[in-house]
Amino acid sequence: SSSTARSNRALHTIITFNHKHKSSNKTNNATTMKFTKPCSILALALNVSAFTQQSFAQHARNGAAGAGAATRRGLFGLFSSQAADSKYPVYADEEVMSQKAHGTSETPVQKNLRWNCDYDTADRICNYNRHYAEYAGYWTSTDFLKSIPDEELPIKFYDSNTGKLLFTAPVGRTMEEFLNESKSHGWPSFRDAETNWDYVRCLQNGEAVSVDGTHLGHNIPDATGNRYCINLVSVAGRPEEEE
């Protein structure tokens with residue numbers, strides 16, 4: 001619904017900054033790219049104003065494991081006992097996102113990303129970023145939607161850095177349901193059953209990452225459980241064997 005979409009977008013504050021990206025036809029042009037920062041998950045979850053956007057931002061910044069666990073329990077408790085009792089997400093320590101040879105990863109993103117995703121945007125979000133996202137709806141501006149008739153279903157989503165399989169969707173629902181949820185939120189949205197826990201992890205603050213240090217997005221649970229809101233540019237890689 002439109003109210004759901006508005007609520008989802010209330011999770012983000014928008015910033016803009018200039019970057020250069022290569023035109024598909026000609027030379028490099030300076031463009032302004034919108035990026036969004038997930039914030040105030042609790043403010044949305046506790047819509048009765050038990051928390052404010054500012055108080056959540058302060059809470060999230062402290063980075064304490066205990067506070068993160070309390071936040072997680074609060075979110076799950078609000079939505080469903082099923083989510084609270086779930087064995088997912090699988091958590092990792094902050095160390096997984098330590099500085100490596102290329103930002104938080106050992107390598108840059110692949111040059112030939114799927115769905116015509118922008119290389120510079122992908123590399124910045126995947127490897128030099130912990131909080132910001134591609135702008136809401138960016139994924140619909142790529143070739144992803146028009147490629148669906150030619151995709152083998154369910155669609156496999158690979159790490160843009162390593163080519164490892166991270167998500168498979170739709171699983172346990174229809175393609176229409178997967179797309180509608182993703183459009184409503186603004187980002188591809190995956191569920192526990194669609195996540196490859198061999199390579200996907202979450203941090204205590206909800207950040208979703210790969211085991212190799214790729215920033216993916218955030219876990220923003222709803223009434224039905226965990227919902228992993230993921231940047232398409234982070235999962236537009238090609239399988240390892242195709243690189």
# chains A, B, ... in the order shown; residues from 1 in each chain; ligands from 1
>>> residues_around(residues="segment 232-240 of chain A", least_positions_apart="5", cutoff="8 Å", atoms="only C-alpha atoms", output="ChimeraX atom specification")
/A:109-110,112-115,117-118,121-122,125-126,134,139,157-166,187-188,214-216
>>> residues_around(residues="Gly103 of chain A", least_positions_apart="2", cutoff="6 Å", atoms="only C-alpha atoms", output="list in words")
Gln99, Lys100, Ser105, Asn127 and Tyr128 of chain A
>>> select_by_dssp(residues="segment 73-226 of chain A", states="strand (DSSP E)", output="PyMOL selection string")
chain A and resi 133-134+155-158+165-169+189-190+200-202+207-210+215-219
>>> closest_residue(among="A:Ala169, A:Val200, A:Leu153, A:Ile148", to="Tyr88 of chain A", atoms="only C-alpha atoms")
A:Val200
>>> atom_distance(atom1="atom CA of Asp192 of chain A", atom2="atom CA of Ser147 of chain A")
24.3 Å
>>> atom_distance(atom1="atom CA of Lys111 of chain A", atom2="atom CA of Tyr135 of chain A")
21.0 Å
>>> atom_distance(atom1="atom CA of Lys183 of chain A", atom2="atom CA of Asn205 of chain A")
24.1 Å
>>> decode(residues="segment 205-241 of chain A", atoms="N, CA, C and O atoms", output="PDB file, in the first residue's frame")
ATOM      1  N   ASN A 205      24.020  -4.579  14.774  1.00  0.00           N
ATOM      2  CA  ASN A 205      23.227  -3.388  14.461  1.00  0.00           C
ATOM      3  C   ASN A 205      22.291  -3.581  13.278  1.00  0.00           C
ATOM      4  O   ASN A 205      21.642  -2.635  12.837  1.00  0.00           O
ATOM      5  N   GLY A 206      22.243  -4.806  12.720  1.00  0.00           N
ATOM      6  CA  GLY A 206      21.343  -5.089  11.610  1.00  0.00           C
ATOM      7  C   GLY A 206      21.983  -5.039  10.241  1.00  0.00           C
ATOM      8  O   GLY A 206      21.348  -5.413   9.250  1.00  0.00           O
ATOM      9  N   GLU A 207      23.227  -4.579  10.159  1.00  0.00           N
ATOM     10  CA  GLU A 207      23.898  -4.528   8.859  1.00  0.00           C
ATOM     11  C   GLU A 207      24.068  -5.933   8.302  1.00  0.00           C
ATOM     12  O   GLU A 207      24.509  -6.838   8.995  1.00  0.00           O
ATOM     13  N   ALA A 208      23.704  -6.101   7.042  1.00  0.00           N
ATOM     14  CA  ALA A 208      23.869  -7.383   6.363  1.00  0.00           C
ATOM     15  C   ALA A 208      25.136  -7.322   5.522  1.00  0.00           C
ATOM     16  O   ALA A 208      25.349  -6.352   4.766  1.00  0.00           O
ATOM     17  N   VAL A 209      25.989  -8.338   5.655  1.00  0.00           N
ATOM     18  CA  VAL A 209      27.289  -8.352   4.979  1.00  0.00           C
ATOM     19  C   VAL A 209      27.568  -9.759   4.468  1.00  0.00           C
ATOM     20  O   VAL A 209      26.893 -10.724   4.852  1.00  0.00           O
ATOM     21  N   SER A 210      28.587  -9.866   3.628  1.00  0.00           N
ATOM     22  CA  SER A 210      29.049 -11.196   3.244  1.00  0.00           C
ATOM     23  C   SER A 210      30.218 -11.580   4.135  1.00  0.00           C
ATOM     24  O   SER A 210      30.839 -10.718   4.772  1.00  0.00           O
ATOM     25  N   VAL A 211      30.539 -12.842   4.170  1.00  0.00           N
ATOM     26  CA  VAL A 211      31.657 -13.305   4.997  1.00  0.00           C
ATOM     27  C   VAL A 211      32.981 -12.753   4.490  1.00  0.00           C
ATOM     28  O   VAL A 211      33.989 -12.783   5.200  1.00  0.00           O
ATOM     29  N   ASP A 212      32.987 -12.233   3.255  1.00  0.00           N
ATOM     30  CA  ASP A 212      34.206 -11.681   2.668  1.00  0.00           C
ATOM     31  C   ASP A 212      34.297 -10.166   2.821  1.00  0.00           C
ATOM     32  O   ASP A 212      35.218  -9.543   2.288  1.00  0.00           O
ATOM     33  N   GLY A 213      33.341  -9.562   3.523  1.00  0.00           N
ATOM     34  CA  GLY A 213      33.414  -8.136   3.802  1.00  0.00           C
ATOM     35  C   GLY A 213      32.641  -7.238   2.866  1.00  0.00           C
ATOM     36  O   GLY A 213      32.814  -6.017   2.892  1.00  0.00           O
ATOM     37  N   THR A 214      31.772  -7.790   2.047  1.00  0.00           N
ATOM     38  CA  THR A 214      30.934  -6.980   1.161  1.00  0.00           C
ATOM     39  C   THR A 214      29.749  -6.420   1.942  1.00  0.00           C
ATOM     40  O   THR A 214      29.009  -7.176   2.576  1.00  0.00           O
ATOM     41  N   HIS A 215      29.562  -5.100   1.900  1.00  0.00           N
ATOM     42  CA  HIS A 215      28.358  -4.516   2.486  1.00  0.00           C
ATOM     43  C   HIS A 215      27.174  -4.837   1.577  1.00  0.00           C
ATOM     44  O   HIS A 215      27.209  -4.572   0.371  1.00  0.00           O
ATOM     45  N   LEU A 216      26.115  -5.410   2.152  1.00  0.00           N
ATOM     46  CA  LEU A 216      24.961  -5.826   1.358  1.00  0.00           C
ATOM     47  C   LEU A 216      23.747  -4.941   1.580  1.00  0.00           C
ATOM     48  O   LEU A 216      23.048  -4.576   0.634  1.00  0.00           O
ATOM     49  N   GLY A 217      23.436  -4.616   2.825  1.00  0.00           N
ATOM     50  CA  GLY A 217      22.245  -3.848   3.145  1.00  0.00           C
ATOM     51  C   GLY A 217      21.965  -3.954   4.632  1.00  0.00           C
ATOM     52  O   GLY A 217      22.879  -3.950   5.449  1.00  0.00           O
ATOM     53  N   HIS A 218      20.670  -4.099   4.988  1.00  0.00           N
ATOM     54  CA  HIS A 218      20.283  -4.191   6.393  1.00  0.00           C
ATOM     55  C   HIS A 218      19.111  -5.151   6.569  1.00  0.00           C
ATOM     56  O   HIS A 218      18.293  -5.331   5.676  1.00  0.00           O
ATOM     57  N   ASN A 219      19.057  -5.750   7.742  1.00  0.00           N
ATOM     58  CA  ASN A 219      17.911  -6.560   8.136  1.00  0.00           C
ATOM     59  C   ASN A 219      16.899  -5.643   8.801  1.00  0.00           C
ATOM     60  O   ASN A 219      17.169  -5.058   9.854  1.00  0.00           O
ATOM     61  N   ILE A 220      15.724  -5.514   8.200  1.00  0.00           N
ATOM     62  CA  ILE A 220      14.644  -4.695   8.754  1.00  0.00           C
ATOM     63  C   ILE A 220      13.424  -5.597   8.913  1.00  0.00           C
ATOM     64  O   ILE A 220      12.632  -5.764   7.990  1.00  0.00           O
ATOM     65  N   PRO A 221      13.282  -6.240  10.078  1.00  0.00           N
ATOM     66  CA  PRO A 221      12.193  -7.212  10.265  1.00  0.00           C
ATOM     67  C   PRO A 221      10.819  -6.559  10.154  1.00  0.00           C
ATOM     68  O   PRO A 221      10.659  -5.360  10.411  1.00  0.00           O
ATOM     69  N   ASP A 222       9.842  -7.351   9.759  1.00  0.00           N
ATOM     70  CA  ASP A 222       8.462  -6.902   9.786  1.00  0.00           C
ATOM     71  C   ASP A 222       7.629  -7.953  10.510  1.00  0.00           C
ATOM     72  O   ASP A 222       8.173  -8.827  11.188  1.00  0.00           O
ATOM     73  N   ALA A 223       6.319  -7.885  10.373  1.00  0.00           N
ATOM     74  CA  ALA A 223       5.431  -8.761  11.140  1.00  0.00           C
ATOM     75  C   ALA A 223       5.613 -10.234  10.811  1.00  0.00           C
ATOM     76  O   ALA A 223       5.238 -11.097  11.603  1.00  0.00           O
ATOM     77  N   THR A 224       6.177 -10.546   9.656  1.00  0.00           N
ATOM     78  CA  THR A 224       6.341 -11.949   9.279  1.00  0.00           C
ATOM     79  C   THR A 224       7.737 -12.481   9.542  1.00  0.00           C
ATOM     80  O   THR A 224       7.994 -13.660   9.333  1.00  0.00           O
ATOM     81  N   GLY A 225       8.654 -11.631   9.987  1.00  0.00           N
ATOM     82  CA  GLY A 225       9.992 -12.105  10.313  1.00  0.00           C
ATOM     83  C   GLY A 225      11.083 -11.234   9.733  1.00  0.00           C
ATOM     84  O   GLY A 225      10.869 -10.057   9.404  1.00  0.00           O
ATOM     85  N   ASN A 226      12.260 -11.802   9.591  1.00  0.00           N
ATOM     86  CA  ASN A 226      13.402 -11.072   9.067  1.00  0.00           C
ATOM     87  C   ASN A 226      13.187 -10.696   7.607  1.00  0.00           C
ATOM     88  O   ASN A 226      12.646 -11.475   6.829  1.00  0.00           O
ATOM     89  N   ARG A 227      13.625  -9.502   7.276  1.00  0.00           N
ATOM     90  CA  ARG A 227      13.542  -9.038   5.888  1.00  0.00           C
ATOM     91  C   ARG A 227      14.865  -8.351   5.575  1.00  0.00           C
ATOM     92  O   ARG A 227      15.190  -7.319   6.158  1.00  0.00           O
ATOM     93  N   TYR A 228      15.613  -8.915   4.657  1.00  0.00           N
ATOM     94  CA  TYR A 228      16.938  -8.408   4.322  1.00  0.00           C
ATOM     95  C   TYR A 228      16.816  -7.502   3.103  1.00  0.00           C
ATOM     96  O   TYR A 228      16.567  -7.971   1.993  1.00  0.00           O
ATOM     97  N   CYS A 229      16.955  -6.209   3.344  1.00  0.00           N
ATOM     98  CA  CYS A 229      16.804  -5.198   2.298  1.00  0.00           C
ATOM     99  C   CYS A 229      18.187  -4.943   1.708  1.00  0.00           C
ATOM    100  O   CYS A 229      19.057  -4.368   2.362  1.00  0.00           O
ATOM    101  N   ILE A 230      18.388  -5.364   0.482  1.00  0.00           N
ATOM    102  CA  ILE A 230      19.718  -5.510  -0.089  1.00  0.00           C
ATOM    103  C   ILE A 230      19.901  -4.621  -1.327  1.00  0.00           C
ATOM    104  O   ILE A 230      19.006  -4.524  -2.171  1.00  0.00           O
ATOM    105  N   ASN A 231      21.064  -3.999  -1.417  1.00  0.00           N
ATOM    106  CA  ASN A 231      21.408  -3.230  -2.615  1.00  0.00           C
ATOM    107  C   ASN A 231      21.601  -4.183  -3.796  1.00  0.00           C
ATOM    108  O   ASN A 231      22.382  -5.141  -3.698  1.00  0.00           O
ATOM    109  N   LEU A 232      20.944  -3.897  -4.901  1.00  0.00           N
ATOM    110  CA  LEU A 232      21.131  -4.756  -6.069  1.00  0.00           C
ATOM    111  C   LEU A 232      22.585  -4.729  -6.527  1.00  0.00           C
ATOM    112  O   LEU A 232      23.120  -5.755  -6.966  1.00  0.00           O
ATOM    113  N   VAL A 233      23.240  -3.566  -6.405  1.00  0.00           N
ATOM    114  CA  VAL A 233      24.634  -3.481  -6.856  1.00  0.00           C
ATOM    115  C   VAL A 233      25.562  -4.371  -6.035  1.00  0.00           C
ATOM    116  O   VAL A 233      26.668  -4.673  -6.476  1.00  0.00           O
ATOM    117  N   SER A 234      25.108  -4.792  -4.855  1.00  0.00           N
ATOM    118  CA  SER A 234      25.934  -5.665  -4.007  1.00  0.00           C
ATOM    119  C   SER A 234      25.790  -7.132  -4.367  1.00  0.00           C
ATOM    120  O   SER A 234      26.629  -7.951  -3.985  1.00  0.00           O
ATOM    121  N   VAL A 235      24.726  -7.465  -5.090  1.00  0.00           N
ATOM    122  CA  VAL A 235      24.453  -8.874  -5.406  1.00  0.00           C
ATOM    123  C   VAL A 235      24.266  -9.070  -6.910  1.00  0.00           C
ATOM    124  O   VAL A 235      23.514  -9.921  -7.357  1.00  0.00           O
ATOM    125  N   ALA A 236      24.971  -8.261  -7.684  1.00  0.00           N
ATOM    126  CA  ALA A 236      24.865  -8.326  -9.152  1.00  0.00           C
ATOM    127  C   ALA A 236      26.066  -9.020  -9.778  1.00  0.00           C
ATOM    128  O   ALA A 236      26.323  -8.878 -10.979  1.00  0.00           O
ATOM    129  N   GLY A 237      26.794  -9.780  -8.970  1.00  0.00           N
ATOM    130  CA  GLY A 237      27.968 -10.475  -9.474  1.00  0.00           C
ATOM    131  C   GLY A 237      27.629 -11.654 -10.363  1.00  0.00           C
ATOM    132  O   GLY A 237      26.473 -12.072 -10.465  1.00  0.00           O
ATOM    133  N   ARG A 238      28.630 -12.168 -10.980  1.00  0.00           N
ATOM    134  CA  ARG A 238      28.500 -13.385 -11.782  1.00  0.00           C
ATOM    135  C   ARG A 238      29.140 -14.533 -11.017  1.00  0.00           C
ATOM    136  O   ARG A 238      30.070 -14.322 -10.239  1.00  0.00           O
ATOM    137  N   PRO A 239      28.642 -15.746 -11.217  1.00  0.00           N
ATOM    138  CA  PRO A 239      29.198 -16.895 -10.489  1.00  0.00           C
ATOM    139  C   PRO A 239      30.701 -16.990 -10.655  1.00  0.00           C
ATOM    140  O   PRO A 239      31.245 -16.600 -11.688  1.00  0.00           O
ATOM    141  N   GLU A 240      31.368 -17.493  -9.629  1.00  0.00           N
ATOM    142  CA  GLU A 240      32.825 -17.601  -9.641  1.00  0.00           C
ATOM    143  C   GLU A 240      33.360 -18.243 -10.924  1.00  0.00           C
ATOM    144  O   GLU A 240      34.342 -17.793 -11.497  1.00  0.00           O
ATOM    145  N   GLU A 241      32.681 -19.263 -11.395  1.00  0.00           N
ATOM    146  CA  GLU A 241      33.176 -19.980 -12.562  1.00  0.00           C
ATOM    147  C   GLU A 241      33.028 -19.180 -13.855  1.00  0.00           C
ATOM    148  O   GLU A 241      33.637 -19.511 -14.870  1.00  0.00           O
TER     149      GLU A 241
END
